[in-house]
file my_file.cif (mmCIF, C-alpha atoms)
data_model
loop_
_atom_site.group_PDB
_atom_site.id
_atom_site.type_symbol
_atom_site.label_atom_id
_atom_site.label_comp_id
_atom_site.auth_asym_id
_atom_site.auth_seq_id
_atom_site.Cartn_x
_atom_site.Cartn_y
_atom_site.Cartn_z
ATOM 1 C CA MET A 1 111.317 93.878 79.884
ATOM 2 C CA GLU A 2 109.214 93.344 83.001
ATOM 3 C CA VAL A 3 105.625 94.510 82.563
ATOM 4 C CA LEU A 4 104.764 93.465 86.120
ATOM 5 C CA LYS A 5 107.042 93.147 89.144
ATOM 6 C CA VAL A 6 105.559 92.171 92.508
ATOM 7 C CA SER A 7 107.904 92.394 95.507
ATOM 8 C CA GLN A 8 107.230 91.058 99.032
ATOM 9 C CA LEU A 9 103.504 91.692 98.679
ATOM 10 C CA THR A 10 101.523 91.159 101.891
ATOM 11 C CA LYS A 11 97.847 91.662 102.762
ATOM 12 C CA ARG A 12 96.438 91.407 106.259
ATOM 13 C CA PHE A 13 92.788 91.511 107.286
ATOM 14 C CA ARG A 14 92.970 92.151 111.026
ATOM 15 C CA ASP A 15 94.696 89.042 112.412
ATOM 16 C CA PHE A 16 94.462 87.055 109.165
ATOM 17 C CA GLU A 17 97.335 87.194 106.667
ATOM 18 C CA ALA A 18 95.792 86.400 103.266
ATOM 19 C CA VAL A 19 98.944 87.030 101.220
ATOM 20 C CA LYS A 20 102.430 86.524 102.655
ATOM 21 C CA ASN A 21 105.496 88.173 101.104
ATOM 22 C CA VAL A 22 104.641 87.231 97.520
ATOM 23 C CA SER A 23 107.198 88.090 94.825
ATOM 24 C CA PHE A 24 107.127 87.328 91.093
ATOM 25 C CA SER A 25 107.445 89.049 87.732
ATOM 26 C CA VAL A 26 105.838 88.837 84.289
ATOM 27 C CA HIS A 27 107.731 89.848 81.166
ATOM 28 C CA LYS A 28 106.507 91.604 78.038
ATOM 29 C CA GLY A 29 104.558 89.275 75.749
ATOM 30 C CA GLU A 30 104.418 86.500 78.327
ATOM 31 C CA SER A 31 101.322 84.479 79.191
ATOM 32 C CA PHE A 32 101.515 83.792 82.925
ATOM 33 C CA GLY A 33 99.179 81.348 84.663
ATOM 34 C CA LEU A 34 98.470 81.872 88.359
ATOM 35 C CA LEU A 35 97.235 78.682 90.014
ATOM 36 C CA GLY A 36 96.029 77.930 93.504
ATOM 37 C CA PRO A 37 93.195 76.124 95.300
ATOM 38 C CA ASN A 38 90.384 78.083 96.931
ATOM 39 C CA GLY A 39 91.793 80.246 99.707
ATOM 40 C CA ALA A 40 95.308 80.259 98.268
ATOM 41 C CA GLY A 41 95.415 84.064 98.098
ATOM 42 C CA LYS A 42 95.544 84.438 94.312
ATOM 43 C CA THR A 43 92.343 86.526 94.067
ATOM 44 C CA THR A 44 93.565 88.873 96.806
ATOM 45 C CA THR A 45 96.886 89.149 94.976
ATOM 46 C CA ILE A 46 95.086 90.043 91.735
ATOM 47 C CA GLN A 47 92.949 92.610 93.589
ATOM 48 C CA MET A 48 96.092 94.314 94.894
ATOM 49 C CA ILE A 49 97.756 94.279 91.467
ATOM 50 C CA THR A 50 94.675 95.927 89.926
ATOM 51 C CA GLY A 51 94.464 98.562 92.662
ATOM 52 C CA LEU A 52 91.226 97.338 94.212
ATOM 53 C CA PHE A 53 92.929 96.687 97.569
ATOM 54 C CA PRO A 54 96.015 98.491 98.857
ATOM 55 C CA PRO A 55 98.683 96.075 100.114
ATOM 56 C CA SER A 56 99.601 96.002 103.783
ATOM 57 C CA SER A 57 103.222 96.041 102.632
ATOM 58 C CA GLY A 58 105.246 95.394 99.510
ATOM 59 C CA ASN A 59 105.556 96.897 96.041
ATOM 60 C CA ILE A 60 103.792 96.538 92.689
ATOM 61 C CA ASP A 61 105.396 97.934 89.541
ATOM 62 C CA ILE A 62 103.443 97.987 86.258
ATOM 63 C CA ALA A 63 105.554 99.078 83.269
ATOM 64 C CA GLY A 64 107.497 101.477 85.464
ATOM 65 C CA ILE A 65 104.467 102.799 87.369
ATOM 66 C CA ASP A 66 104.365 102.363 91.161
ATOM 67 C CA MET A 67 100.875 100.903 91.621
ATOM 68 C CA VAL A 68 100.831 101.665 95.350
ATOM 69 C CA ARG A 69 101.621 105.376 94.945
ATOM 70 C CA GLN A 70 100.075 105.955 91.501
ATOM 71 C CA PRO A 71 97.126 103.542 91.214
ATOM 72 C CA LYS A 72 95.194 105.581 88.632
ATOM 73 C CA GLN A 73 98.161 105.775 86.257
ATOM 74 C CA GLY A 74 98.782 102.076 86.706
ATOM 75 C CA GLN A 75 95.147 101.111 86.138
ATOM 76 C CA ALA A 76 95.207 102.930 82.783
ATOM 77 C CA LEU A 77 97.720 100.324 81.605
ATOM 78 C CA LEU A 78 95.564 97.364 82.627
ATOM 79 C CA GLY A 79 92.779 95.376 81.046
ATOM 80 C CA ILE A 80 90.817 93.464 83.678
ATOM 81 C CA VAL A 81 88.385 90.626 82.931
ATOM 82 C CA PRO A 82 86.631 89.853 86.249
ATOM 83 C CA GLN A 83 84.690 86.714 87.154
ATOM 84 C CA GLU A 84 81.441 88.693 87.084
ATOM 85 C CA ILE A 85 79.996 90.208 83.899
ATOM 86 C CA ALA A 86 80.508 94.003 83.834
ATOM 87 C CA LEU A 87 78.189 95.118 81.007
ATOM 88 C CA TYR A 88 75.005 97.132 80.506
ATOM 89 C CA GLN A 89 72.405 94.492 79.694
ATOM 90 C CA THR A 90 69.920 96.746 77.870
ATOM 91 C CA MET A 91 72.584 98.149 75.559
ATOM 92 C CA SER A 92 73.858 96.416 72.422
ATOM 93 C CA ALA A 93 77.316 94.880 72.154
ATOM 94 C CA ARG A 94 78.476 97.835 70.047
ATOM 95 C CA GLU A 95 77.018 100.353 72.498
ATOM 96 C CA ASN A 96 78.758 98.640 75.399
ATOM 97 C CA LEU A 97 82.077 98.718 73.576
ATOM 98 C CA SER A 98 81.529 102.374 72.655
ATOM 99 C CA PHE A 99 80.803 103.248 76.305
ATOM 100 C CA TRP A 100 83.873 101.461 77.670
ATOM 101 C CA GLY A 101 86.045 102.811 74.862
ATOM 102 C CA ARG A 102 85.140 106.373 75.836
ATOM 103 C CA MET A 103 85.895 105.513 79.464
ATOM 104 C CA TYR A 104 89.413 104.605 78.282
ATOM 105 C CA GLY A 105 89.686 107.939 76.494
ATOM 106 C CA LEU A 106 89.111 106.720 72.926
ATOM 107 C CA ARG A 107 87.185 109.042 70.609
ATOM 108 C CA GLY A 108 85.979 109.513 67.045
ATOM 109 C CA ASN A 109 87.256 107.437 64.151
ATOM 110 C CA HIS A 110 89.875 105.732 66.285
ATOM 111 C CA LEU A 111 87.201 104.475 68.674
ATOM 112 C CA GLN A 112 84.995 103.205 65.844
ATOM 113 C CA LYS A 113 87.957 101.459 64.217
ATOM 114 C CA ARG A 114 88.872 99.733 67.482
ATOM 115 C CA ILE A 115 85.252 98.655 68.065
ATOM 116 C CA ASN A 116 85.146 97.038 64.626
ATOM 117 C CA GLU A 117 88.489 95.329 65.213
ATOM 118 C CA VAL A 118 87.427 94.035 68.620
ATOM 119 C CA LEU A 119 84.066 92.762 67.347
ATOM 120 C CA GLU A 120 86.010 90.774 64.771
ATOM 121 C CA ILE A 121 88.381 89.408 67.426
ATOM 122 C CA ILE A 122 85.556 88.247 69.716
ATOM 123 C CA GLY A 123 83.517 86.878 66.805
ATOM 124 C CA LEU A 124 80.404 89.016 67.293
ATOM 125 C CA THR A 125 80.420 91.339 64.292
ATOM 126 C CA ASP A 126 77.087 89.950 63.060
ATOM 127 C CA ARG A 127 75.488 90.339 66.523
ATOM 128 C CA ALA A 128 76.874 93.796 67.290
ATOM 129 C CA LYS A 129 73.517 95.611 67.270
ATOM 130 C CA GLU A 130 71.708 93.113 69.513
ATOM 131 C CA LYS A 131 71.141 93.794 73.207
ATOM 132 C CA VAL A 132 73.492 92.037 75.589
ATOM 133 C CA GLU A 133 70.550 90.739 77.644
ATOM 134 C CA THR A 134 69.658 88.433 74.719
ATOM 135 C CA PHE A 135 73.145 86.860 74.663
ATOM 136 C CA SER A 136 74.227 83.569 76.199
ATOM 137 C CA GLY A 137 76.612 83.636 79.153
ATOM 138 C CA GLY A 138 79.524 82.788 76.884
ATOM 139 C CA MET A 139 78.726 85.590 74.443
ATOM 140 C CA LYS A 140 78.469 88.084 77.304
ATOM 141 C CA ARG A 141 81.917 87.046 78.480
ATOM 142 C CA ARG A 142 83.245 87.599 74.970
ATOM 143 C CA VAL A 143 81.854 91.150 74.975
ATOM 144 C CA ASN A 144 83.389 91.596 78.435
ATOM 145 C CA ILE A 145 86.783 90.621 77.036
ATOM 146 C CA GLY A 146 86.254 92.926 74.065
ATOM 147 C CA ALA A 147 85.569 95.893 76.342
ATOM 148 C CA THR A 148 88.776 95.131 78.230
ATOM 149 C CA ILE A 149 91.120 95.116 75.209
ATOM 150 C CA LEU A 150 89.803 98.201 73.373
ATOM 151 C CA HIS A 151 92.703 100.359 74.601
ATOM 152 C CA ASN A 152 95.392 97.721 73.916
ATOM 153 C CA PRO A 153 96.421 97.350 77.556
ATOM 154 C CA GLU A 154 100.019 96.704 78.598
ATOM 155 C CA LEU A 155 98.779 93.886 80.820
ATOM 156 C CA LEU A 156 95.593 91.831 80.414
ATOM 157 C CA ILE A 157 94.445 90.178 83.648
ATOM 158 C CA MET A 158 91.821 87.436 83.312
ATOM 159 C CA ASP A 159 90.307 86.020 86.499
ATOM 160 C CA GLU A 160 88.626 82.691 85.656
ATOM 161 C CA PRO A 161 86.956 83.987 82.464
ATOM 162 C CA THR A 162 85.416 80.646 81.412
ATOM 163 C CA VAL A 163 83.474 79.749 84.567
ATOM 164 C CA GLY A 164 79.956 78.514 83.838
ATOM 165 C CA ILE A 165 79.907 78.904 80.067
ATOM 166 C CA ASP A 166 79.186 76.525 77.198
ATOM 167 C CA PRO A 167 82.035 74.548 75.532
ATOM 168 C CA GLN A 168 81.824 76.487 72.255
ATOM 169 C CA SER A 169 82.217 79.875 73.947
ATOM 170 C CA ARG A 170 84.952 78.498 76.182
ATOM 171 C CA SER A 171 86.880 77.327 73.126
ATOM 172 C CA HIS A 172 86.413 80.710 71.449
ATOM 173 C CA ILE A 173 87.670 82.566 74.534
ATOM 174 C CA LEU A 174 90.751 80.363 74.782
ATOM 175 C CA GLU A 175 91.539 80.921 71.105
ATOM 176 C CA THR A 176 91.018 84.678 71.570
ATOM 177 C CA VAL A 177 93.480 84.755 74.480
ATOM 178 C CA LYS A 178 95.951 82.681 72.459
ATOM 179 C CA GLN A 179 95.666 85.110 69.547
ATOM 180 C CA LEU A 180 96.113 88.208 71.735
ATOM 181 C CA ASN A 181 99.178 86.707 73.373
ATOM 182 C CA SER A 182 100.656 85.740 70.000
ATOM 183 C CA GLU A 183 100.393 89.440 69.125
ATOM 184 C CA ARG A 184 102.597 90.220 72.159
ATOM 185 C CA MET A 185 99.876 91.211 74.612
ATOM 186 C CA THR A 186 101.009 90.272 78.125
ATOM 187 C CA VAL A 187 98.484 88.093 79.948
ATOM 188 C CA ILE A 188 97.933 86.904 83.517
ATOM 189 C CA TYR A 189 95.395 84.076 83.554
ATOM 190 C CA THR A 190 93.826 82.427 86.597
ATOM 191 C CA SER A 191 91.660 79.337 86.265
ATOM 192 C CA HIS A 192 90.401 76.237 88.068
ATOM 193 C CA TYR A 193 90.847 74.334 84.821
ATOM 194 C CA MET A 194 94.393 72.980 84.671
ATOM 195 C CA GLU A 195 94.107 72.149 80.969
ATOM 196 C CA GLU A 196 93.379 75.815 80.147
ATOM 197 C CA VAL A 197 96.548 76.981 81.861
ATOM 198 C CA GLU A 198 98.599 74.238 80.197
ATOM 199 C CA TYR A 199 97.226 75.280 76.793
ATOM 200 C CA LEU A 200 97.615 79.050 77.208
ATOM 201 C CA CYS A 201 100.525 79.755 79.511
ATOM 202 C CA GLU A 202 104.249 79.486 78.898
ATOM 203 C CA LYS A 203 105.029 80.221 82.532
ATOM 204 C CA ILE A 204 103.081 79.265 85.660
ATOM 205 C CA GLY A 205 103.124 80.422 89.273
ATOM 206 C CA ILE A 206 101.635 78.342 92.090
ATOM 207 C CA MET A 207 100.195 79.795 95.293
ATOM 208 C CA ASP A 208 98.927 78.049 98.415
ATOM 209 C CA GLN A 209 97.873 79.315 101.845
ATOM 210 C CA GLY A 210 98.854 82.872 100.942
ATOM 211 C CA GLU A 211 102.367 82.003 99.827
ATOM 212 C CA PHE A 212 103.966 81.939 96.392
ATOM 213 C CA ILE A 213 105.431 78.436 96.255
ATOM 214 C CA THR A 214 107.186 78.319 92.897
ATOM 215 C CA SER A 215 107.091 79.384 89.252
ATOM 216 C CA GLY A 216 108.511 78.175 85.971
ATOM 217 C CA THR A 217 107.670 76.736 82.597
ATOM 218 C CA ILE A 218 105.583 73.563 82.480
ATOM 219 C CA SER A 219 108.740 71.584 81.688
ATOM 220 C CA GLU A 220 110.578 73.111 84.631
ATOM 221 C CA LEU A 221 107.703 72.396 87.009
ATOM 222 C CA ARG A 222 107.412 68.816 85.819
ATOM 223 C CA GLU A 223 111.061 68.299 86.691
ATOM 224 C CA THR A 224 110.125 68.713 90.367
ATOM 225 C CA ILE A 225 108.531 65.268 90.264
ATOM 226 C CA GLY A 226 110.781 63.851 87.548
ATOM 227 C CA ASP A 227 109.359 60.796 85.835
ATOM 228 C CA ARG A 228 107.266 59.713 88.806
ATOM 229 C CA SER A 229 103.660 58.732 88.235
ATOM 230 C CA ARG A 230 100.903 59.281 90.766
ATOM 231 C CA ILE A 231 99.026 56.348 92.313
ATOM 232 C CA VAL A 232 95.605 57.605 93.410
ATOM 233 C CA MET A 233 93.661 55.401 95.842
ATOM 234 C CA ASN A 234 90.169 56.285 97.040
ATOM 235 C CA PHE A 235 88.693 54.792 100.202
ATOM 236 C CA SER A 236 85.236 54.296 101.671
ATOM 237 C CA ARG A 237 86.019 56.576 104.617
ATOM 238 C CA ALA A 238 88.403 59.307 105.673
ATOM 239 C CA LEU A 239 91.989 58.361 106.474
ATOM 240 C CA ASN A 240 94.582 59.506 108.978
ATOM 241 C CA LEU A 241 97.990 60.256 107.482
ATOM 242 C CA GLU A 242 99.926 59.167 110.554
ATOM 243 C CA LYS A 243 98.098 55.831 110.525
ATOM 244 C CA ILE A 244 98.744 55.382 106.811
ATOM 245 C CA LYS A 245 102.475 56.042 107.261
ATOM 246 C CA THR A 246 102.730 53.166 109.757
ATOM 247 C CA ILE A 247 101.127 50.812 107.229
ATOM 248 C CA LEU A 248 103.061 51.698 104.091
ATOM 249 C CA SER A 249 106.562 50.548 103.246
ATOM 250 C CA PRO A 250 109.405 52.660 104.715
ATOM 251 C CA SER A 251 110.728 52.909 101.150
ATOM 252 C CA ILE A 252 107.993 55.472 100.404
ATOM 253 C CA PRO A 253 109.080 58.792 101.985
ATOM 254 C CA GLU A 254 106.529 61.105 103.580
ATOM 255 C CA LYS A 255 107.201 63.827 100.985
ATOM 256 C CA ASP A 256 105.817 61.466 98.325
ATOM 257 C CA LEU A 257 102.488 61.035 100.130
ATOM 258 C CA SER A 258 99.481 63.307 99.867
ATOM 259 C CA LEU A 259 96.212 62.711 101.708
ATOM 260 C CA ASN A 260 92.961 64.561 101.115
ATOM 261 C CA TYR A 261 90.132 63.161 103.275
ATOM 262 C CA ASP A 262 89.466 59.781 101.606
ATOM 263 C CA GLU A 263 91.952 60.077 98.730
ATOM 264 C CA LEU A 264 95.585 58.995 99.033
ATOM 265 C CA ALA A 265 98.146 59.945 96.373
ATOM 266 C CA ILE A 266 101.564 58.295 96.225
ATOM 267 C CA PHE A 267 104.333 59.382 93.836
ATOM 268 C CA HIS A 268 106.563 56.607 92.510
ATOM 269 C CA LYS A 269 108.859 55.935 89.540
ATOM 270 C CA GLU A 270 107.631 52.374 89.097
ATOM 271 C CA PRO A 271 103.962 52.345 90.164
ATOM 272 C CA GLN A 272 103.166 48.924 88.684
ATOM 273 C CA LYS A 273 105.888 47.271 90.785
ATOM 274 C CA VAL A 274 104.586 48.622 94.101
ATOM 275 C CA LEU A 275 100.847 48.736 93.384
ATOM 276 C CA SER A 276 100.085 45.167 94.462
ATOM 277 C CA GLU A 277 102.040 45.571 97.698
ATOM 278 C CA LEU A 278 100.301 48.875 98.457
ATOM 279 C CA ILE A 279 96.842 47.365 97.972
ATOM 280 C CA GLN A 280 97.686 44.411 100.205
ATOM 281 C CA SER A 281 99.080 46.687 102.916
ATOM 282 C CA VAL A 282 96.068 48.976 103.194
ATOM 283 C CA THR A 283 93.391 46.321 102.773
ATOM 284 C CA GLY A 284 95.216 44.101 105.256
ATOM 285 C CA ALA A 285 94.964 46.943 107.764
ATOM 286 C CA GLY A 286 91.196 47.042 107.321
ATOM 287 C CA PHE A 287 90.803 49.929 104.860
ATOM 288 C CA GLU A 288 88.305 49.474 102.015
ATOM 289 C CA ILE A 289 89.527 50.724 98.624
ATOM 290 C CA THR A 290 86.831 52.047 96.280
ATOM 291 C CA SER A 291 89.068 52.906 93.308
ATOM 292 C CA VAL A 292 92.687 52.884 92.153
ATOM 293 C CA GLU A 293 94.213 54.922 89.316
ATOM 294 C CA VAL A 294 97.740 55.434 88.024
ATOM 295 C CA VAL A 295 98.247 58.929 86.546
ATOM 296 C CA GLU A 296 101.242 59.730 84.342
ATOM 297 C CA PRO A 297 103.298 62.839 85.255
ATOM 298 C CA ASN A 298 101.404 66.041 84.409
ATOM 299 C CA LEU A 299 100.830 69.557 85.767
ATOM 300 C CA GLU A 300 98.064 68.324 88.089
ATOM 301 C CA SER A 301 100.580 65.906 89.632
ATOM 302 C CA VAL A 302 103.057 68.736 90.154
ATOM 303 C CA PHE A 303 100.386 70.875 91.784
ATOM 304 C CA LEU A 304 99.301 68.088 94.111
ATOM 305 C CA HIS A 305 102.909 67.292 95.013
ATOM 306 C CA LEU A 306 103.658 70.934 95.913
ATOM 307 C CA THR A 307 100.436 71.818 97.736
ATOM 308 C CA GLY A 308 99.058 68.473 98.915
ATOM 309 C CA ARG A 309 95.721 69.483 97.369
ATOM 310 C CA SER A 310 94.077 69.328 93.978
ATOM 311 C CA LEU A 311 93.361 72.603 92.190
ATOM 312 C CA ARG A 312 89.616 72.539 92.841
ATOM 313 C CA ASP A 313 89.844 71.839 96.599
#

call {"tool": "encode", "arguments": {"input": "my_file.cif", "output": "structure tokens"}}
result
Amino acid sequence: MEVLKVSQLTKRFRDFEAVKNVSFSVHKGESFGLLGPNGAGKTTTIQMITGLFPPSSGNIDIAGIDMVRQPKQGQALLGIVPQEIALYQTMSARENLSFWGRMYGLRGNHLQKRINEVLEIIGLTDRAKEKVETFSGGMKRRVNIGATILHNPELLIMDEPTVGIDPQSRSHILETVKQLNSERMTVIYTSHYMEEVEYLCEKIGIMDQGEFITSGTISELRETIGDRSRIVMNFSRALNLEKIKTILSPSIPEKDLSLNYDELAIFHKEPQKVLSELIQSVTGAGFEITSVEVVEPNLESVFLHLTGRSLRD
């Protein structure tokens, strides 16, 4: 069963097309990671899915609800964890959860039961009566997540929920998301931390420059580069790709090269065999190498191969 189906979604801001004919789906109980460098269009896509922005064209279906025509009905099925904290600082954790629970239409004993359950899930039962303003950033984010899951949403959307928090709270949030997903809650998770997405998500979609490039399981995405490792060479100054191509061996195709300012990445099945030749070629042409690293195939390598950029660019 598809909880979310996005079809040919497009968003234009005057002459700028931020999202270009994006289509993908998320099934019931799935944990779906949405990856993309800054400016890829993933935040705009999330904003359209949640009803914050209307699309310029395209369709969004949430559990059978047309989000474009019936945004209020669709939003009732969502739980949204934004990048910014959305809590009342002078109220306690329990009071915040009570407020947001009533906003979702929960009342009486059912509301109190859900508050107790959620406090247990987010690990703040013993701090429930304390004001949010006294909490650390990580604890505030945990309350934020708690407020979002009170009504057991059909789809939980988390937009970089671990930015700027301490390692302990980050670990707790990841375990909370893992637990919720294991209980069949459908999750869309965006992050600049590749390891979080690898840990949490069974399926991943990659966006770049407003387009949806590909999606699949981690195993399926890794197959796009096969067993090729990534040779990463850093230089003392910026490079020109056309110049580099004239220096390197013709046996290395252009599709296996990626250049980002002063960092050159080369994909190859046998990196140790070609590494010495590569170093001689570039240094012989007058380029100063500051570091060299060979990275085994991983999701970061796939991302770089598909977009030509690292996730945090």

call {"tool": "residues_around", "arguments": {"input": "my_file.cif", "residues": "Glu183 of chain A", "least_positions_apart": "3", "cutoff": "12 Å", "atoms": "only C-alpha atoms", "output": "PyMOL selection string"}}
result
chain A and resi 28-31+152+154+176-180+186-187

call {"tool": "resolve_selection", "arguments": {"input": "my_file.cif", "expression": "the PyMOL selection byres ((chain A and resi 190-206) around 9)", "output": "PDB file with C-alpha atoms, in the coordinates of the input"}}
result
ATOM      1  CA  PHE A  24     107.127  87.328  91.093  1.00  0.00           C
ATOM      2  CA  VAL A  26     105.838  88.837  84.289  1.00  0.00           C
ATOM      3  CA  GLU A  30     104.418  86.500  78.327  1.00  0.00           C
ATOM      4  CA  SER A  31     101.322  84.479  79.191  1.00  0.00           C
ATOM      5  CA  PHE A  32     101.515  83.792  82.925  1.00  0.00           C
ATOM      6  CA  GLY A  33      99.179  81.348  84.663  1.00  0.00           C
ATOM      7  CA  LEU A  34      98.470  81.872  88.359  1.00  0.00           C
ATOM      8  CA  LEU A  35      97.235  78.682  90.014  1.00  0.00           C
ATOM      9  CA  GLY A  36      96.029  77.930  93.504  1.00  0.00           C
ATOM     10  CA  PRO A  37      93.195  76.124  95.300  1.00  0.00           C
ATOM     11  CA  LYS A  42      95.544  84.438  94.312  1.00  0.00           C
ATOM     12  CA  THR A  43      92.343  86.526  94.067  1.00  0.00           C
ATOM     13  CA  ILE A 157      94.445  90.178  83.648  1.00  0.00           C
ATOM     14  CA  MET A 158      91.821  87.436  83.312  1.00  0.00           C
ATOM     15  CA  ASP A 159      90.307  86.020  86.499  1.00  0.00           C
ATOM     16  CA  GLU A 160      88.626  82.691  85.656  1.00  0.00           C
ATOM     17  CA  PRO A 161      86.956  83.987  82.464  1.00  0.00           C
ATOM     18  CA  THR A 162      85.416  80.646  81.412  1.00  0.00           C
ATOM     19  CA  VAL A 163      83.474  79.749  84.567  1.00  0.00           C
ATOM     20  CA  LEU A 174      90.751  80.363  74.782  1.00  0.00           C
ATOM     21  CA  GLU A 175      91.539  80.921  71.105  1.00  0.00           C
ATOM     22  CA  VAL A 177      93.480  84.755  74.480  1.00  0.00           C
ATOM     23  CA  LYS A 178      95.951  82.681  72.459  1.00  0.00           C
ATOM     24  CA  ASN A 181      99.178  86.707  73.373  1.00  0.00           C
ATOM     25  CA  VAL A 187      98.484  88.093  79.948  1.00  0.00           C
ATOM     26  CA  ILE A 188      97.933  86.904  83.517  1.00  0.00           C
ATOM     27  CA  TYR A 189      95.395  84.076  83.554  1.00  0.00           C
ATOM     28  CA  MET A 207     100.195  79.795  95.293  1.00  0.00           C
ATOM     29  CA  ASP A 208      98.927  78.049  98.415  1.00  0.00           C
ATOM     30  CA  GLU A 211     102.367  82.003  99.827  1.00  0.00           C
ATOM     31  CA  PHE A 212     103.966  81.939  96.392  1.00  0.00           C
ATOM     32  CA  ILE A 213     105.431  78.436  96.255  1.00  0.00           C
ATOM     33  CA  THR A 214     107.186  78.319  92.897  1.00  0.00           C
ATOM     34  CA  SER A 215     107.091  79.384  89.252  1.00  0.00           C
ATOM     35  CA  GLY A 216     108.511  78.175  85.971  1.00  0.00           C
ATOM     36  CA  THR A 217     107.670  76.736  82.597  1.00  0.00           C
ATOM     37  CA  ILE A 218     105.583  73.563  82.480  1.00  0.00           C
ATOM     38  CA  LEU A 221     107.703  72.396  87.009  1.00  0.00           C
ATOM     39  CA  LEU A 299     100.830  69.557  85.767  1.00  0.00           C
ATOM     40  CA  GLU A 300      98.064  68.324  88.089  1.00  0.00           C
ATOM     41  CA  PHE A 303     100.386  70.875  91.784  1.00  0.00           C
ATOM     42  CA  LEU A 306     103.658  70.934  95.913  1.00  0.00           C
ATOM     43  CA  THR A 307     100.436  71.818  97.736  1.00  0.00           C
ATOM     44  CA  LEU A 311      93.361  72.603  92.190  1.00  0.00           C
ATOM     45  CA  ARG A 312      89.616  72.539  92.841  1.00  0.00           C
TER      46      ARG A 312
END

call {"tool": "atom_distance", "arguments": {"input": "my_file.cif", "atom1": "atom CA of Leu275 of chain A", "atom2": "atom CA of Pro250 of chain A"}}
result
14.7 Å

call {"tool": "residues_around", "arguments": {"input": "my_file.cif", "residues": "Lys245 of chain A", "least_positions_apart": "5", "cutoff": "10 Å", "atoms": "only C-alpha atoms", "output": "number ranges by chain"}}
result
A: 240, 250, 252-254, 257

call {"tool": "closest_residue", "arguments": {"input": "my_file.cif", "among": "A:Ala128, A:Leu4, A:Ala238, A:Leu259", "to": "Asn59 of chain A", "atoms": "all atoms listed in the file"}}
result
A:Leu4

call {"tool": "closest_residue", "arguments": {"input": "my_file.cif", "among": "A:Ile149, A:Val232, A:Met91, A:Ile165", "to": "Glu130 of chain A", "atoms": "only C-alpha atoms"}}
result
A:Met91
